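S.K.: Attaching a single structure in structure tokens format; questions to follow.
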Amino acid sequence: MKIIEIKNLHKIYTETAVPVKAVNGIDLSFDQGEFTAIVGPSGSGKTTFLNMLGGLDKPSEGEVIIDGINIGSLSSKQVIDFRLRNIGFVFQAYNLIPVLTAKENVEFIMQLQNQDKKEREARAIEMLKAVGLGERINNRPAKLSGGEQQRVAVARALASKPKFILADEPTANLDSASTNNLLEIMQELNKKENITFIFSTHDQRVVNKARRVITIDDGKVKTDVKI
Amino acid sequence: MNYFKLAWRNIWRNKKRTLITAASVFFALFLAILMVGLQEGTYAHMIKISVEDFYGYAQVHGKGFSEDKTLTNSLEYNQEIIDYLNSNKNVKQIQPRIESFALSAFSDKSKGIVILGVDPNLEFEKPTIKKRLVAGNFDEIYDNGIVITEKLAEYLGAEIGDSLALIGQGYQGISAVGLYKIVATISMPNPMLNSGLAYLDIKTAQELFSLENRLTGLSLSFNDNRKFKETTQELRSNLPEGYEIFHWEEEMPEIKQFVESDRAGGQIFLVILYIIIGFGIFGTALMMIAERIKEFGIMVAVGMQKMKIVILVGVEMLYITSLGIIASIVFSIPIMYYLNINPITFTGDMAKTYESYGFEPVMPAAFQLDYFINQPIVVIIITIIAIIYPLWGISKLDVIKSIRK
């Protein structure tokens, strides 16, 4: 079942002296439950593509249709609310809220969704256990290693049951052990919860685990391989 | 985790900055409360001395007395005017007054003084007057006695039991002469009055000045003294023919003018103080937002509306301000209470300066709840104004740029 359709997507930055075509006519679609890696050299347009896919940036041309909704037609407030209810984010630098414990960080998005306190507490604990941090739920980010923080970020992204998760180079700051551990956890959650994962990455270890690899260069899809 | 809890935790991410900002609010607000309290306390004291203890909140005179304060313009004391004044529910007490001048003489010294004819039962029962008794006994005034101020007694070299001669001019130019036994000495807070004032029983004063059933004024006090203007206006509207009524601000505009000009000076200082607080809060808000711009970008990216972040940071700033406010209130309450009970007493040149203006050289602090409420409200309003621009910046936040920082 298709959950994302991308039609003739363009992004041109006009603030520079010479306009830059960061994304130059991408047509793609993603099915529910995919585990996809988007690869390409630096400056190829991966992050810009991902930003438009997540509604963080507006396309210059084209459409991003998620579950039948063209997110380009939504107001900025509606897009934020759409992200809250449909998209999970995992960032390269973890980006947890430093004053909240691991459990509170995972609960945060569910709280924004106005979920019942007991339900969100139970779900937060469940997700932290799923990423192997059941014993560290009351630790703040400063007391966690980089790998642990990224696992909390994954738990946070998954806890609100989004339609898909966008992960921008999630393993870039992690060592090998943490990377393998995180990828295993994400694979398992992908299978168990049937949540779509879309990564942008340079990391071959991530590419090796992906079931679909899309290569972007010069803002265009060069290859789209399903494994 | 609600926003209030999150905001509380956030302000402690940079303890030093939070404490420095809260301390600046604390010092400025404490200074403001202290300054306003001392100013208003001093004004209230001045007004109390001049109004409650001397003039009254309003006075009824014979027509023309306020323009020409001579005994010729004295009023006739009759039941009609008393009934009329009593018909107003806010009128608490009516005190007959004779106010005139005479030359006092004892032994080889003499001095021109103010003579105040009063009802001793009403006048000397006032707690503030009662406590100013230096020597003697007020009760003996009925027996041709006179109460004089201690400085006058000192100047004349007279003591309790001595006889004081008064020479002046009575009603319609009749000569006023009398010899009175000094029964008590009193200390007046107003230095000018303290150097030349004498009290006589109203009947004795009427005899001295040949006023028979006449008075120079009826001094009024009210149940709610704050409504002195309204009550005076009500009484003025149907006042019987031949009388006039003025409240203390009309009769003593110099006090009102002094208070207003001094208060204006204080307000300029307060404005400067508040501008400094405002800029301090503004700077803190800007820094707090600038260093967390990436975090806010992430929050928006994961689905938090910008307005919620605005509210969160607004609550954080109000927390910091509130810390300073609470500390200043807690600190200033006992100090203001102490200064209210134990006024600052000036000595030396400062005391002379006060006395030269006719004021008692003391500075009591007003201890009123509203000073501990109004000033903090002003600080909260300043905080809200100071954070408008920084918070507006959050509402215009560019998520992509913020995340890249």
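Identifiers in this document derive from the order of the structure tokens: chains are assigned A, B, ..., residues are numbered from 1 separately in each chain, and ligands are numbered from 1 in order of occurrence.
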Kindly provide the residues of chain A that approach chain B to within 6 Å, each paired with its closest atom pair and their distance in Å to one decimal, based on only C-alpha atoms, listed by chain and increasing number, as a Markdown table.
M.R.:
```
| residue | atom | partner | partner_atom | distance |
| --- | --- | --- | --- | --- |
| A:Ile80 | CA | B:Gly303 | CA | 4.9 |
| A:Asp81 | CA | B:Gly303 | CA | 5.8 |
| A:Arg83 | CA | B:Gly303 | CA | 5.5 |
| A:Leu84 | CA | B:Gly303 | CA | 4.0 |
```
S.K.: Go ahead and save the picked residues with N, CA and C atoms, as a tab-separated table (two decimals), in the first residue's frame.
M.R.:
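again32.tsv was written with the following content:
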```
chain	number	residue	atom	x	y	z
A	80	ILE	N	2.69	21.55	10.61
A	80	ILE	CA	3.28	21.16	11.90
A	80	ILE	C	2.40	20.08	12.55
A	81	ASP	N	1.10	20.31	12.50
A	81	ASP	CA	0.18	19.34	13.10
A	81	ASP	C	0.21	18.02	12.32
A	83	ARG	N	2.80	16.82	10.71
A	83	ARG	CA	4.04	16.12	11.11
A	83	ARG	C	3.85	15.43	12.46
A	84	LEU	N	3.21	16.17	13.37
A	84	LEU	CA	3.00	15.64	14.73
A	84	LEU	C	2.27	14.29	14.68
```
S.K.: To one decimal place in Å, what is the distance between CA of Phe372 (chain B) and CA of Ile311 (chain B)?
M.R.: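 Value for the CA of Phe372 (chain B)-CA of Ile311 (chain B) distance: 26.3 Å.
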S.K.: Mind listing the strand (DSSP E or B) residues of region 185-401 of chain B, per DSSP on the backbone, as JSON, numbers by chain?
M.R.: {"B": [185, 186, 197, 198, 199, 200, 201, 214, 215, 217, 218, 219, 220, 221, 222, 243, 244, 245, 246, 247, 344, 345, 362, 363]}
S.K.: As a PyMOL selection string, please: all residues of region 30-89 of chain B that backbone DSSP puts in alpha helix (DSSP H).
M.R.: chain B and resi 30-47+79-86
S.K.: Smallest atom-to-atom distance to Ser176 (chain A): which of A:Leu100, A:Ala155, A:Val206, A:Ile71, using only C-alpha atoms?
M.R.: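 Residue with the minimum atom-to-atom distance to Ser176 (chain A): A:Val206.
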S.K.: Which residues are near Leu235 (chain B)? Cut-off 12 Å, only C-alpha atoms, ignore same chain within fewer than 3 positions. Put them as a list in words.
M.R.: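 My list of contacting residues is Ala58, Gln59, Val60, Ile81, Ile82, Asp83, Tyr84, Leu85, Asn86, Ser87, Asn88, Lys89, Asn90, Val91, Leu220, Phe228, Lys229, Glu230, Thr231, Thr232, Asn238, Leu239, Pro240, Tyr243, Glu244, Ile245, Phe246 and His247 of chain B.
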S.K.: Name the residues in contact with region 215-222 of chain A at a cut-off of 8 Å, using only C-alpha atoms, excluding same-chain residues fewer than 6 positions from it; report them as a list in words.
M.R.: Lys21, Ala22, Val23, Asn24, Gly25, Ile26, Ile38, Val39, Gly40, Pro41, Gly43, Ser44, Gly45 and Lys46 of chain A
S.K.: Just give me the gap between CA of Ile202 (chain B) and CA of Leu166 (chain B) in Å, one decimal is fine.
M.R.: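 CA of Ile202 (chain B) sits 15.3 Å away from CA of Leu166 (chain B).
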S.K.: Please report the interatomic distance between CA of Phe164 (chain A) and CA of Ala102 (chain A) in Å with one decimal.
M.R.: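 So the answer is 21.7 Å.
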S.K.: Would you please work out which residue, of A:Lys7, A:Lys77, A:Lys226, A:Arg156, is nearest to Met110 (chain A) when using only C-alpha atoms?
M.R.: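 Closest to Met110 (chain A) of all the choices is A:Arg156.
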S.K.: Write out as a VMD selection string the residues lying within 10 Å of Glu121 (chain A), counting only C-alpha atoms and excluding same-chain residues fewer than 6 positions away.
M.R.: chain A and resid 103 to 104 106 to 107 110 to 111 115 127
S.K.: Could you turn the residues from that selection into a file that holds all heavy atoms, as a PDB file, in the first residue's frame?
M.R.:
```
ATOM      1  N   LYS A 103      12.445   8.860  29.507  1.00  0.00           N
ATOM      2  CA  LYS A 103      11.000   8.576  29.434  1.00  0.00           C
ATOM      3  C   LYS A 103      10.218   9.840  29.041  1.00  0.00           C
ATOM      4  O   LYS A 103       9.335   9.795  28.188  1.00  0.00           O
ATOM      5  CB  LYS A 103      10.503   8.059  30.792  1.00  0.00           C
ATOM      6  CG  LYS A 103       9.028   7.704  30.811  1.00  0.00           C
ATOM      7  CD  LYS A 103       8.648   6.938  32.051  1.00  0.00           C
ATOM      8  CE  LYS A 103       8.324   7.792  33.232  1.00  0.00           C
ATOM      9  NZ  LYS A 103       7.123   8.546  33.260  1.00  0.00           N
ATOM     10  N   GLU A 104      10.578  10.973  29.651  1.00  0.00           N
ATOM     11  CA  GLU A 104       9.857  12.219  29.350  1.00  0.00           C
ATOM     12  C   GLU A 104      10.092  12.659  27.905  1.00  0.00           C
ATOM     13  O   GLU A 104       9.191  13.196  27.253  1.00  0.00           O
ATOM     14  CB  GLU A 104      10.299  13.321  30.321  1.00  0.00           C
ATOM     15  CG  GLU A 104       9.782  13.098  31.730  1.00  0.00           C
ATOM     16  CD  GLU A 104      10.476  13.943  32.790  1.00  0.00           C
ATOM     17  OE1 GLU A 104      11.569  14.499  32.491  1.00  0.00           O
ATOM     18  OE2 GLU A 104       9.964  14.034  33.904  1.00  0.00           O
ATOM     19  N   VAL A 106      10.576  10.639  25.388  1.00  0.00           N
ATOM     20  CA  VAL A 106       9.756   9.770  24.543  1.00  0.00           C
ATOM     21  C   VAL A 106       8.280  10.172  24.654  1.00  0.00           C
ATOM     22  O   VAL A 106       7.538  10.142  23.678  1.00  0.00           O
ATOM     23  CB  VAL A 106       9.976   8.285  24.936  1.00  0.00           C
ATOM     24  CG1 VAL A 106       9.058   7.372  24.134  1.00  0.00           C
ATOM     25  CG2 VAL A 106      11.427   7.900  24.708  1.00  0.00           C
ATOM     26  N   GLU A 107       7.887  10.588  25.842  1.00  0.00           N
ATOM     27  CA  GLU A 107       6.489  10.997  26.064  1.00  0.00           C
ATOM     28  C   GLU A 107       6.145  12.311  25.382  1.00  0.00           C
ATOM     29  O   GLU A 107       4.983  12.603  25.117  1.00  0.00           O
ATOM     30  CB  GLU A 107       6.260  11.202  27.571  1.00  0.00           C
ATOM     31  CG  GLU A 107       5.831   9.977  28.315  1.00  0.00           C
ATOM     32  CD  GLU A 107       5.474  10.363  29.744  1.00  0.00           C
ATOM     33  OE1 GLU A 107       4.435  11.000  29.938  1.00  0.00           O
ATOM     34  OE2 GLU A 107       6.263  10.043  30.647  1.00  0.00           O
ATOM     35  N   MET A 110       3.938  12.475  22.325  1.00  0.00           N
ATOM     36  CA  MET A 110       2.601  11.958  22.667  1.00  0.00           C
ATOM     37  C   MET A 110       1.828  12.990  23.485  1.00  0.00           C
ATOM     38  O   MET A 110       0.613  13.106  23.360  1.00  0.00           O
ATOM     39  CB  MET A 110       2.732  10.644  23.439  1.00  0.00           C
ATOM     40  CG  MET A 110       3.240   9.491  22.588  1.00  0.00           C
ATOM     41  SD  MET A 110       3.216   7.936  23.488  1.00  0.00           S
ATOM     42  CE  MET A 110       4.683   8.066  24.472  1.00  0.00           C
ATOM     43  N   GLN A 111       2.570  13.741  24.295  1.00  0.00           N
ATOM     44  CA  GLN A 111       1.904  14.789  25.075  1.00  0.00           C
ATOM     45  C   GLN A 111       1.400  15.892  24.144  1.00  0.00           C
ATOM     46  O   GLN A 111       0.294  16.424  24.329  1.00  0.00           O
ATOM     47  CB  GLN A 111       2.859  15.377  26.111  1.00  0.00           C
ATOM     48  CG  GLN A 111       2.115  16.267  27.099  1.00  0.00           C
ATOM     49  CD  GLN A 111       3.011  16.905  28.126  1.00  0.00           C
ATOM     50  OE1 GLN A 111       4.229  16.698  28.130  1.00  0.00           O
ATOM     51  NE2 GLN A 111       2.433  17.674  28.997  1.00  0.00           N
ATOM     52  N   GLN A 115      -2.259  12.831  24.263  1.00  0.00           N
ATOM     53  CA  GLN A 115      -2.590  11.464  24.677  1.00  0.00           C
ATOM     54  C   GLN A 115      -2.729  11.388  26.188  1.00  0.00           C
ATOM     55  O   GLN A 115      -2.093  12.157  26.919  1.00  0.00           O
ATOM     56  CB  GLN A 115      -1.491  10.498  24.218  1.00  0.00           C
ATOM     57  CG  GLN A 115      -1.560  10.197  22.734  1.00  0.00           C
ATOM     58  CD  GLN A 115      -0.652   9.023  22.376  1.00  0.00           C
ATOM     59  OE1 GLN A 115      -0.428   8.134  23.168  1.00  0.00           O
ATOM     60  NE2 GLN A 115      -0.123   9.060  21.160  1.00  0.00           N
ATOM     61  N   MET A 127       8.457   1.469  24.588  1.00  0.00           N
ATOM     62  CA  MET A 127       9.386   1.796  23.501  1.00  0.00           C
ATOM     63  C   MET A 127      10.833   1.815  23.998  1.00  0.00           C
ATOM     64  O   MET A 127      11.749   1.392  23.281  1.00  0.00           O
ATOM     65  CB  MET A 127       9.034   3.145  22.862  1.00  0.00           C
ATOM     66  CG  MET A 127       7.715   3.182  22.108  1.00  0.00           C
ATOM     67  SD  MET A 127       7.411   1.756  21.056  1.00  0.00           S
ATOM     68  CE  MET A 127       8.787   1.807  19.943  1.00  0.00           C
TER      69      MET A 127
END
```
S.K.: Taking into account only C-alpha atoms, which residue in the set A:Thr101, A:Asn208, A:Gln113, A:Asn95 is nearest to Phe82 (chain A)?
M.R.: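 Ranking A:Thr101, A:Asn208, A:Gln113, A:Asn95 by distance to Phe82 (chain A), first place goes to A:Gln113.
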S.K.: Rank A:Leu112, A:Leu9, A:Ile87, A:Ala93 by their smallest atom-to-atom distance to Ser60 (chain A), using only C-alpha atoms, and report the top residue only.
M.R.: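 Closest candidate: A:Leu9.
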